[in-house]
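As provided, model.txt (compact mmCIF, C-alpha atoms) reads as follows.
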```txt
# COMPACT_ATOMS: atom_id res chain seq x y z
CA MET A 1 -78.12 -24.94 26.66
CA GLU A 2 -81.84 -24.37 26.15
CA GLN A 3 -81.93 -21.90 29.05
CA GLN A 4 -79.00 -19.95 27.58
CA LYS A 5 -80.77 -19.77 24.22
CA THR A 6 -83.96 -18.53 25.87
CA ALA A 7 -82.04 -15.93 27.88
CA GLN A 8 -80.26 -14.75 24.73
CA GLN A 9 -83.58 -14.39 22.89
CA GLN A 10 -84.99 -12.43 25.84
CA ASP A 11 -81.97 -10.10 25.82
CA GLU A 12 -82.39 -9.52 22.08
CA LEU A 13 -86.08 -8.77 22.60
CA GLU A 14 -85.26 -6.24 25.32
CA GLU A 15 -82.77 -4.53 23.01
CA MET A 16 -85.37 -4.36 20.23
CA GLN A 17 -87.87 -2.74 22.59
CA HIS A 18 -85.61 0.32 22.73
CA GLY A 19 -85.96 0.98 19.02
CA PRO A 20 -87.62 -0.10 15.79
CA VAL A 21 -87.50 -3.80 14.98
CA PRO A 22 -86.12 -4.55 11.49
CA VAL A 23 -88.69 -6.20 9.25
CA GLU A 24 -86.28 -9.12 8.75
CA GLN A 25 -87.16 -10.18 12.29
CA LEU A 26 -90.44 -11.56 10.88
CA GLN A 27 -88.47 -14.45 9.39
CA ALA A 28 -88.04 -15.83 12.92
CA SER A 29 -91.83 -15.98 13.12
CA GLY A 30 -92.19 -18.10 10.00
CA ILE A 31 -92.49 -15.41 7.31
CA ALA A 32 -90.61 -16.32 4.13
CA SER A 33 -87.60 -14.20 3.24
CA ILE A 34 -89.05 -13.44 -0.19
CA ASP A 35 -92.20 -12.01 1.44
CA VAL A 36 -90.07 -9.96 3.83
CA LYS A 37 -88.23 -8.55 0.83
CA LYS A 38 -91.57 -7.59 -0.76
CA LEU A 39 -92.51 -5.75 2.44
CA ARG A 40 -89.22 -3.85 2.44
CA ASP A 41 -89.56 -3.00 -1.25
CA ALA A 42 -92.98 -1.56 -0.44
CA GLY A 43 -91.38 0.78 2.11
CA LEU A 44 -92.17 -1.26 5.23
CA CYS A 45 -88.68 -1.48 6.72
CA THR A 46 -89.68 -2.22 10.32
CA VAL A 47 -92.06 -4.56 12.07
CA GLU A 48 -93.73 -1.46 13.53
CA ALA A 49 -94.47 -0.17 10.04
CA VAL A 50 -96.10 -3.49 9.17
CA ALA A 51 -98.11 -3.58 12.39
CA TYR A 52 -99.35 0.00 11.92
CA SER A 53 -100.41 -0.56 8.29
CA PRO A 54 -104.08 -1.27 7.49
CA ARG A 55 -104.82 -4.73 6.12
CA LYS A 56 -106.05 -3.28 2.83
CA ASP A 57 -102.69 -1.59 2.27
CA LEU A 58 -100.82 -4.86 2.81
CA LEU A 59 -103.13 -6.59 0.33
CA GLN A 60 -102.05 -4.10 -2.33
CA ILE A 61 -98.45 -5.35 -2.17
CA LYS A 62 -97.88 -7.42 -5.29
CA GLY A 63 -97.25 -11.10 -4.64
CA ILE A 64 -98.69 -11.27 -1.12
CA SER A 65 -101.98 -13.15 -0.82
CA GLU A 66 -104.71 -12.73 1.81
CA ALA A 67 -103.52 -15.78 3.69
CA LYS A 68 -99.97 -14.41 3.80
CA VAL A 69 -101.23 -10.99 4.93
CA ASP A 70 -103.10 -12.57 7.84
CA LYS A 71 -99.98 -14.51 8.82
CA ILE A 72 -97.81 -11.39 8.56
CA ILE A 73 -100.23 -9.36 10.69
CA GLU A 74 -100.31 -12.10 13.33
CA ALA A 75 -96.52 -12.29 13.43
CA ALA A 76 -96.11 -8.50 13.63
CA SER A 77 -98.69 -8.18 16.42
CA LYS A 78 -96.65 -10.58 18.56
CA LEU A 79 -93.53 -8.42 18.25
CA VAL A 80 -95.18 -5.00 18.52
CA PRO A 81 -97.59 -4.29 21.42
CA LEU A 82 -100.83 -2.89 20.00
CA GLY A 83 -103.14 -3.31 23.00
CA PHE A 84 -103.79 -1.37 26.18
CA THR A 85 -101.11 -0.33 28.63
CA SER A 86 -101.25 1.47 31.96
CA ALA A 87 -100.74 5.20 32.24
CA SER A 88 -97.80 4.57 34.56
CA GLN A 89 -96.03 2.51 31.90
CA LEU A 90 -96.65 5.19 29.30
CA HIS A 91 -95.35 7.81 31.72
CA ALA A 92 -92.16 5.78 32.24
CA GLN A 93 -91.69 5.55 28.47
CA ARG A 94 -92.15 9.28 28.02
CA LEU A 95 -89.51 9.99 30.65
CA GLU A 96 -86.99 8.75 28.08
CA ILE A 97 -87.99 11.50 25.65
CA ILE A 98 -85.46 14.27 25.20
CA GLN A 99 -85.87 17.79 23.84
CA ILE A 100 -83.55 19.47 21.37
CA THR A 101 -82.68 23.09 22.03
CA SER A 102 -83.67 25.67 19.45
CA GLY A 103 -80.65 27.82 20.21
CA SER A 104 -82.78 30.41 22.02
CA ARG A 105 -83.42 30.10 25.75
CA GLU A 106 -86.60 32.16 25.54
CA LEU A 107 -88.00 29.92 22.82
CA ASP A 108 -86.98 26.79 24.71
CA LYS A 109 -88.80 28.05 27.81
CA ILE A 110 -92.23 28.07 26.15
CA LEU A 111 -91.56 24.52 24.92
CA GLU A 112 -90.40 23.08 28.24
CA GLY A 113 -93.85 22.04 29.44
CA GLN A 114 -93.61 18.74 27.60
CA PHE A 115 -90.81 17.11 29.62
CA PRO A 116 -87.50 18.13 31.18
CA LEU A 117 -84.39 17.44 29.18
CA PHE A 118 -83.44 14.49 31.36
CA SER A 119 -85.60 12.08 33.29
CA PHE A 120 -85.26 11.50 37.01
CA LEU A 121 -83.25 8.33 36.33
CA ASN A 122 -80.76 10.26 34.24
CA LEU A 123 -80.29 12.74 37.07
CA TYR A 124 -79.88 9.91 39.53
CA PHE A 125 -77.08 8.28 37.57
CA HIS A 126 -75.56 11.58 36.36
CA PRO A 127 -75.95 14.03 39.28
CA LEU A 128 -73.42 16.46 37.81
CA LEU A 129 -75.82 17.16 34.95
CA SER A 130 -78.26 18.79 37.38
CA THR A 131 -76.02 21.85 37.47
CA SER A 132 -76.25 22.37 33.69
CA PRO A 133 -77.88 25.72 32.81
CA LEU A 134 -79.64 24.09 29.85
CA LEU A 135 -81.12 21.31 31.96
CA GLU A 136 -84.32 23.10 32.88
CA LEU A 137 -85.00 24.30 29.35
CA GLY A 138 -87.14 22.61 26.76
CA GLY A 139 -87.02 22.43 23.02
CA ILE A 140 -88.27 20.33 20.13
CA GLU A 141 -89.62 17.04 21.46
CA THR A 142 -88.50 13.70 20.08
CA GLY A 143 -91.15 11.14 19.21
CA SER A 144 -93.59 13.74 17.89
CA ILE A 145 -94.27 16.11 15.00
CA THR A 146 -93.69 19.84 15.40
CA GLU A 147 -95.10 22.12 12.71
CA LEU A 148 -93.75 25.60 12.03
CA TYR A 149 -95.86 27.89 9.89
CA GLY A 150 -95.57 31.52 8.96
CA GLU A 151 -95.01 33.99 6.17
CA PHE A 152 -91.82 34.10 4.11
CA ARG A 153 -88.76 35.39 5.98
CA SER A 154 -90.33 34.62 9.34
CA GLY A 155 -87.44 32.39 10.46
CA LYS A 156 -88.67 28.86 9.69
CA THR A 157 -85.71 27.85 7.55
CA GLN A 158 -83.16 29.46 9.87
CA LEU A 159 -84.66 27.66 12.85
CA CYS A 160 -84.39 24.35 11.00
CA HIS A 161 -80.76 25.03 10.08
CA THR A 162 -80.03 25.66 13.76
CA LEU A 163 -81.78 22.44 14.79
CA CYS A 164 -79.65 20.48 12.31
CA VAL A 165 -76.66 21.51 14.41
CA THR A 166 -78.10 21.47 17.93
CA CYS A 167 -79.41 17.92 17.55
CA GLN A 168 -75.75 16.87 17.37
CA LEU A 169 -74.84 18.50 20.69
CA PRO A 170 -74.24 16.43 23.83
CA LEU A 171 -77.28 15.70 25.99
CA ASP A 172 -76.10 18.01 28.76
CA GLN A 173 -76.02 20.90 26.28
CA GLY A 174 -79.58 20.42 25.05
CA GLY A 175 -78.77 18.17 22.10
CA GLY A 176 -79.47 14.59 21.17
CA GLU A 177 -75.99 13.36 20.17
CA GLY A 178 -77.56 12.36 16.88
CA LYS A 179 -77.93 13.22 13.22
CA ALA A 180 -80.30 15.21 11.03
CA MET A 181 -82.24 14.46 7.89
CA TYR A 182 -83.34 17.40 5.73
CA ILE A 183 -85.90 17.01 2.92
CA ASP A 184 -86.08 20.33 1.08
CA ALA A 185 -88.96 21.25 -1.26
CA GLU A 186 -87.89 24.86 -1.87
CA GLY A 187 -84.14 24.67 -2.42
CA THR A 188 -83.29 26.92 0.54
CA PHE A 189 -80.87 24.62 2.37
CA ARG A 190 -77.38 26.13 2.70
CA PRO A 191 -74.50 24.06 4.16
CA GLN A 192 -72.48 27.20 4.90
CA ARG A 193 -75.10 28.21 7.45
CA LEU A 194 -74.46 24.96 9.30
CA LEU A 195 -70.76 25.77 9.42
CA GLN A 196 -71.46 29.20 10.93
CA ILE A 197 -73.80 27.72 13.54
CA ALA A 198 -71.41 24.86 14.32
CA GLU A 199 -68.65 27.37 15.11
CA ARG A 200 -70.93 29.00 17.68
CA PHE A 201 -71.37 25.70 19.53
CA GLY A 202 -67.75 24.65 19.21
CA LEU A 203 -68.47 21.70 16.91
CA ASN A 204 -66.28 20.50 14.07
CA GLY A 205 -67.81 21.81 10.86
CA ALA A 206 -66.86 18.82 8.72
CA ASP A 207 -68.42 16.40 11.22
CA VAL A 208 -71.60 18.47 11.40
CA LEU A 209 -72.04 18.43 7.63
CA GLU A 210 -71.34 14.69 7.49
CA ASN A 211 -74.11 14.06 10.04
CA VAL A 212 -76.78 15.81 7.97
CA ALA A 213 -78.45 13.80 5.20
CA TYR A 214 -79.94 16.12 2.57
CA ALA A 215 -82.38 15.52 -0.29
CA ARG A 216 -84.13 17.93 -2.63
CA ALA A 217 -87.78 17.01 -3.26
CA TYR A 218 -89.07 18.17 -6.64
CA ASN A 219 -92.70 16.99 -6.48
CA THR A 220 -95.14 15.05 -4.32
CA ASP A 221 -94.28 11.65 -5.81
CA HIS A 222 -90.56 12.29 -5.36
CA GLN A 223 -91.18 13.38 -1.78
CA SER A 224 -93.05 10.13 -1.10
CA ARG A 225 -90.14 8.09 -2.41
CA LEU A 226 -87.74 10.07 -0.24
CA LEU A 227 -89.86 9.25 2.82
CA LEU A 228 -89.51 5.54 2.09
CA GLU A 229 -85.77 5.94 1.63
CA ALA A 230 -85.56 7.91 4.87
CA ALA A 231 -87.20 5.09 6.80
CA SER A 232 -84.72 2.60 5.33
CA MET A 233 -81.79 4.86 6.24
CA MET A 234 -82.94 5.16 9.85
CA VAL A 235 -83.27 1.38 10.18
CA GLU A 236 -79.74 0.88 8.82
CA THR A 237 -78.36 3.53 11.17
CA ARG A 238 -80.11 1.88 14.07
CA GLN A 239 -78.43 -1.41 13.28
CA CYS A 240 -74.89 0.01 12.98
CA ASN A 241 -74.98 2.63 15.77
CA SER A 242 -75.79 2.61 19.46
CA PRO A 243 -79.29 3.73 20.60
CA LEU A 244 -77.88 7.01 21.88
CA GLN A 245 -76.47 7.80 18.44
CA ASN A 246 -79.72 6.97 16.69
CA ARG A 247 -81.52 10.23 17.39
CA PHE A 248 -82.45 11.97 14.17
CA LEU A 249 -83.94 15.37 13.73
CA TRP A 250 -86.01 15.16 10.60
CA LYS A 251 -86.93 18.40 8.88
CA ARG A 252 -89.05 18.59 5.78
CA ARG A 253 -91.27 20.89 3.79
CA THR A 254 -94.47 19.52 2.33
CA PHE A 255 -96.02 19.60 -1.11
CA SER A 256 -99.27 17.90 -0.14
CA ALA A 257 -101.00 18.19 3.23
CA ALA A 258 -102.89 14.93 2.82
CA ASP A 259 -99.73 13.13 1.75
CA ALA A 260 -97.85 14.53 4.73
CA SER A 261 -100.45 13.50 7.30
CA CYS A 262 -100.75 9.88 6.14
CA LYS A 263 -97.08 9.13 5.44
CA ILE A 264 -95.28 10.97 8.21
CA SER A 265 -97.56 10.38 11.23
CA PRO A 266 -96.19 6.93 12.22
CA GLU A 267 -92.53 7.90 11.80
CA PRO A 268 -91.88 9.80 15.08
CA SER A 269 -93.20 7.07 17.36
CA GLU A 270 -91.75 4.31 15.19
CA PHE A 271 -88.19 5.65 15.24
CA GLY A 272 -88.25 8.00 18.23
CA VAL A 273 -87.16 10.95 16.10
CA ALA A 274 -88.05 14.62 16.30
CA VAL A 275 -89.93 15.58 13.13
CA VAL A 276 -90.15 19.25 12.16
CA ILE A 277 -92.44 20.28 9.31
CA THR A 278 -92.43 23.79 7.88
CA ASN A 279 -95.64 25.03 6.32
CA GLN A 280 -96.59 28.10 4.33
CA VAL A 281 -99.60 30.36 4.88
CA VAL A 282 -102.29 31.87 2.68
CA ALA A 283 -104.14 35.17 3.03
CA GLN A 284 -107.74 34.88 4.16
CA VAL A 285 -109.65 37.60 2.39
CA ASP A 286 -113.24 37.91 3.59
CA GLY A 287 -115.48 40.40 5.40
CA SER A 288 -113.40 40.35 8.57
CA ALA A 289 -110.43 41.74 6.66
CA LEU A 290 -112.21 45.08 6.39
CA PHE A 291 -112.04 45.57 10.15
CA ALA A 292 -109.06 43.52 11.35
CA GLY A 293 -106.84 43.70 8.29
CA PRO A 294 -105.61 40.77 6.20
CA GLN A 295 -105.65 37.46 8.07
CA ILE A 296 -103.40 34.50 7.32
CA LYS A 297 -103.90 30.80 7.92
CA PRO A 298 -101.64 27.77 7.40
CA ILE A 299 -102.04 25.64 4.30
CA GLY A 300 -103.64 22.24 4.80
CA GLY A 301 -106.46 23.25 7.12
CA ASN A 302 -107.61 20.74 9.71
CA ILE A 303 -105.74 17.87 8.03
CA MET A 304 -102.35 19.35 8.88
CA ALA A 305 -103.59 20.63 12.23
CA HIS A 306 -104.54 17.12 13.35
CA ALA A 307 -101.36 15.57 11.93
CA SER A 308 -99.08 17.80 14.03
CA THR A 309 -98.45 17.17 17.71
CA THR A 310 -97.24 20.70 18.45
CA ARG A 311 -98.08 23.66 16.22
CA LEU A 312 -95.98 26.82 16.31
CA ALA A 313 -96.69 30.05 14.44
CA VAL A 314 -93.75 32.33 13.67
CA ARG A 315 -93.94 35.93 12.49
CA LYS A 316 -91.64 38.85 11.87
CA GLY A 317 -90.77 41.40 14.50
CA ARG A 318 -88.54 44.45 14.35
CA GLY A 319 -85.35 44.00 12.35
CA GLU A 320 -84.01 40.49 12.84
CA GLU A 321 -86.39 39.81 15.72
CA ARG A 322 -88.95 37.02 15.31
CA ILE A 323 -91.88 35.96 17.46
CA CYS A 324 -92.98 32.35 17.98
CA LYS A 325 -96.39 31.44 19.42
CA VAL A 326 -97.61 28.05 20.63
CA ILE A 327 -100.89 27.49 18.79
CA SER A 328 -101.74 23.95 19.88
CA SER A 329 -100.10 21.22 21.93
CA PRO A 330 -101.25 18.34 24.16
CA CYS A 331 -99.38 19.76 27.16
CA LEU A 332 -98.22 23.31 26.39
CA PRO A 333 -100.21 26.46 27.15
CA GLU A 334 -100.49 29.22 24.58
CA ALA A 335 -97.43 31.43 24.94
CA GLU A 336 -95.13 33.64 22.91
CA ALA A 337 -91.36 34.02 22.82
CA ARG A 338 -89.01 36.35 20.99
CA PHE A 339 -85.88 35.16 19.25
CA GLN A 340 -83.40 36.60 16.82
CA ILE A 341 -81.86 35.51 13.52
CA SER A 342 -78.10 36.08 13.55
CA PRO A 343 -75.07 34.75 11.65
CA GLU A 344 -74.83 32.18 14.45
CA GLY A 345 -78.35 30.91 13.83
CA VAL A 346 -81.29 31.32 16.20
CA THR A 347 -80.35 33.20 19.37
CA ASP A 348 -82.00 35.21 22.11
CA VAL A 349 -82.94 38.80 21.35
CA LYS A 350 -80.16 41.20 22.28
CA ASP A 351 -81.83 44.30 23.70
```
Please, can you express the file's structure as structure tokens?
Amino acid sequence: MEQQKTAQQQDELEEMQHGPVPVEQLQASGIASIDVKKLRDAGLCTVEAVAYSPRKDLLQIKGISEAKVDKIIEAASKLVPLGFTSASQLHAQRLEIIQITSGSRELDKILEGQFPLFSFLNLYFHPLLSTSPLLELGGIETGSITELYGEFRSGKTQLCHTLCVTCQLPLDQGGGEGKAMYIDAEGTFRPQRLLQIAERFGLNGADVLENVAYARAYNTDHQSRLLLEAASMMVETRQCNSPLQNRFLWKRRTFSAADASCKISPEPSEFGVAVVITNQVVAQVDGSALFAGPQIKPIGGNIMAHASTTRLAVRKGRGEERICKVISSPCLPEAEARFQISPEGVTDVKD
């Protein structure tokens, strides 16, 4: 009986390793349920969120003493590995990362340097997928933050609308078989665009709309509350759906660069989601403008630059043509790709 109980606990632990661990799991380590509720009310919905939080932040939670904080940290550290690991283990973990197609093959190509759409193990167990034309293409990487910045009408919003649909596609079509979460600070989200794009990919429009959670953010404080609610929603979805169905594409615009960097950075690795941030630009008017013309730079400076894993600059081309350039990435070279805005979303340029 004892061996069966131990084996069951080990199986549960292995299942938890494939996704975020609900904060309620701390009760099994001796943390009182009332303290767990205080953690959740503070926006810490997973054990990972607790483990990643500084001690001083936990001390600010009302009703939790220093002794309790030390006990909570000790319990969380036993469930979430925070020490060293080998590069081979990290490599094996990153083989599970998928990439979500942008809708444009040319754009996907400059993003494919991160990882192929399927790992070697996936190809081994699903050899028929190796013949898929989308297999060798890249896209937006899960588990990281991708920032899009550019002038107005450069295609940022249209690209995000397309991603809200493509993240729901099957894996062999460049999707994630998941859902999308859209936090909008400018009021530019349009459900009818999703219906048009869904028709292009042969998806049911009603199902596509149902799989997109939308919220309008009116100020920085409201945006912060929405981030806490988003984390809670992803934990609940994780508990009621299979791991394959728990792939979110999270798109948001930001009011505050500092707020974005501190609140959103742990989310991709904690939940394994693809986070897309759109950012505006400002004109840089100085002496160089006399010779090279007006220069633009993204809002947020180095704070936003360091918070993003991959940074993409988009600009207008001729007509509906847009140009995307890789500005910074841990594993992508600088490159440019052309894409087009059409009624069907983001597509390749039709010469």
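Counting all atoms listed in the file and comparing A:Glu24, A:Glu48, A:Asp57, A:Glu147, the residue that lies closest to A:Val80 is A:Glu48.
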Exercise for the section: Quick one: pull the distance between atom CA of A:Thr166 and atom CA of A:Ala217, Å, one decimal. Expected result: 23.7 Å
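Using all atoms listed in the file, the protein and nucleic acid residues lying no more than 12 Å from A:Ser328, apart from those fewer than 4 places from it along its own chain, are Leu111, Ile145, Thr146, Glu147, Leu148, Met304, Ala305, His306, Ala307, Ser308, Thr309, Thr310, Arg311, Leu312, Ala313, Leu332, Pro333, Glu334 and Ala335 of chain A.
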Problem - Neighbour list for A:Arg216 as a ChimeraX atom specification, cut-off 8 Å, only C-alpha atoms, skip fewer than 4 positions in-chain - result: /A:183-187
Exercise for the section: Kindly indicate which residue among A:Ala32, A:Ala42, A:Met181, A:Gly83 lies nearest to A:Lys71, using only C-alpha atoms for the distances. Expected result: A:Ala32
Exercise for the section: Could you check which of A:Gln196, A:Asp207, A:Ala76, A:Val346 is closest to A:Gly30, using all atoms listed in the file? Expected result: A:Ala76
Problem - Nearest to A:Thr278 by atom-to-atom distance, counting only C-alpha atoms, from A:Gly345, A:Gly150, A:Gly176, A:Gly143 - result: A:Gly150
Output as JSON the centre and edge lengths (Å, one decimal) of the box along x, y and z of the file that holds every listed atom of stretch 268-280 of chain A after adding 8 Å on each side.
```
{"center_x": -91.9, "center_y": 16.2, "center_z": 11.3, "size_x": 25.4, "size_y": 39.8, "size_z": 29.9}
```
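Of note, atom CA of A:Ser329 and atom CA of A:Arg94 are spaced 15.6 Å apart.
Taking all atoms listed in the file into account, A:Thr46 lies nearest to A:Val235 out of the set A:Cys164, A:Leu95, A:Val235, A:Ile140.
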Practice task
In Å, rounded to a single decimal, give me how far atom CA of A:Pro268 is from atom CA of A:Ile299.
Solution key: 21.7 Å
Practice task
Just the residues within 10 Å of A:Ala51, please, counting all atoms listed in the file, with nothing from its chain fewer than 5 positions along; format it as a ChimeraX atom specification.
Solution key: /A:44,46,72-82
Exercise for the section: Rank A:Leu194, A:Ala92, A:Cys45, A:Ile31 by their smallest atom-to-atom distance to A:Asp70, using all atoms listed in the file, and report the top residue only. Expected result: A:Ile31
Problem - Shell of 9 Å around stretch 279-282 of chain A, all atoms listed in the file, local chain residues under 3 positions omitted, as a PyMOL selection string - result: chain A and resi 147-152+156+253-254+295-300
Will you model all heavy atoms for stretch 228-237 of chain A and pass it back as a CSV table (one decimal), keeping the file's coordinate frame?
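New file part_18.csv:
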```csv
chain,number,residue,atom,x,y,z
A,228,LEU,N,-89.8,7.0,2.0
A,228,LEU,CA,-89.5,5.5,2.1
A,228,LEU,C,-88.0,5.3,2.3
A,228,LEU,O,-87.6,4.5,3.1
A,228,LEU,CB,-90.0,4.8,0.8
A,228,LEU,CG,-91.5,4.9,0.6
A,228,LEU,CD1,-91.9,4.1,-0.7
A,228,LEU,CD2,-92.3,4.3,1.8
A,229,GLU,N,-87.2,6.1,1.5
A,229,GLU,CA,-85.8,5.9,1.6
A,229,GLU,C,-85.3,6.4,3.0
A,229,GLU,O,-84.4,5.8,3.6
A,229,GLU,CB,-85.1,6.8,0.5
A,229,GLU,CG,-83.6,6.6,0.5
A,229,GLU,CD,-82.9,7.4,-0.6
A,229,GLU,OE1,-83.7,7.9,-1.5
A,229,GLU,OE2,-81.7,7.6,-0.6
A,230,ALA,N,-85.9,7.4,3.5
A,230,ALA,CA,-85.6,7.9,4.9
A,230,ALA,C,-85.8,6.8,5.9
A,230,ALA,O,-85.0,6.7,6.8
A,230,ALA,CB,-86.4,9.2,5.2
A,231,ALA,N,-86.9,6.1,5.8
A,231,ALA,CA,-87.2,5.1,6.8
A,231,ALA,C,-86.1,4.0,6.7
A,231,ALA,O,-85.7,3.5,7.7
A,231,ALA,CB,-88.6,4.5,6.6
A,232,SER,N,-85.8,3.6,5.5
A,232,SER,CA,-84.7,2.6,5.3
A,232,SER,C,-83.4,3.1,5.9
A,232,SER,O,-82.7,2.3,6.6
A,232,SER,CB,-84.6,2.3,3.8
A,232,SER,OG,-83.6,1.3,3.6
A,233,MET,N,-83.0,4.3,5.7
A,233,MET,CA,-81.8,4.9,6.2
A,233,MET,C,-81.8,4.8,7.8
A,233,MET,O,-80.7,4.5,8.4
A,233,MET,CB,-81.6,6.3,5.7
A,233,MET,CG,-81.3,6.4,4.3
A,233,MET,SD,-81.2,8.1,3.7
A,233,MET,CE,-79.9,8.8,4.7
A,234,MET,N,-82.9,5.1,8.4
A,234,MET,CA,-82.9,5.2,9.8
A,234,MET,C,-82.8,3.8,10.4
A,234,MET,O,-82.2,3.6,11.5
A,234,MET,CB,-84.2,5.9,10.3
A,234,MET,CG,-84.1,7.4,10.2
A,234,MET,SD,-85.5,8.2,10.9
A,234,MET,CE,-86.8,8.0,9.7
A,235,VAL,N,-83.4,2.8,9.7
A,235,VAL,CA,-83.3,1.4,10.2
A,235,VAL,C,-81.8,0.9,10.1
A,235,VAL,O,-81.3,0.3,11.0
A,235,VAL,CB,-84.2,0.4,9.3
A,235,VAL,CG1,-83.9,-1.0,9.7
A,235,VAL,CG2,-85.6,0.7,9.6
A,236,GLU,N,-81.1,1.3,9.0
A,236,GLU,CA,-79.7,0.9,8.8
A,236,GLU,C,-78.9,1.6,9.9
A,236,GLU,O,-77.9,1.0,10.4
A,236,GLU,CB,-79.3,1.3,7.4
A,236,GLU,CG,-79.9,0.4,6.3
A,236,GLU,CD,-79.6,0.9,4.9
A,236,GLU,OE1,-78.8,1.9,4.9
A,236,GLU,OE2,-80.0,0.3,3.9
A,237,THR,N,-79.1,2.8,10.2
A,237,THR,CA,-78.4,3.5,11.2
A,237,THR,C,-78.6,2.9,12.5
A,237,THR,O,-77.7,2.8,13.4
A,237,THR,CB,-78.7,5.0,11.2
A,237,THR,OG1,-78.5,5.6,9.9
A,237,THR,CG2,-77.9,5.8,12.2
```
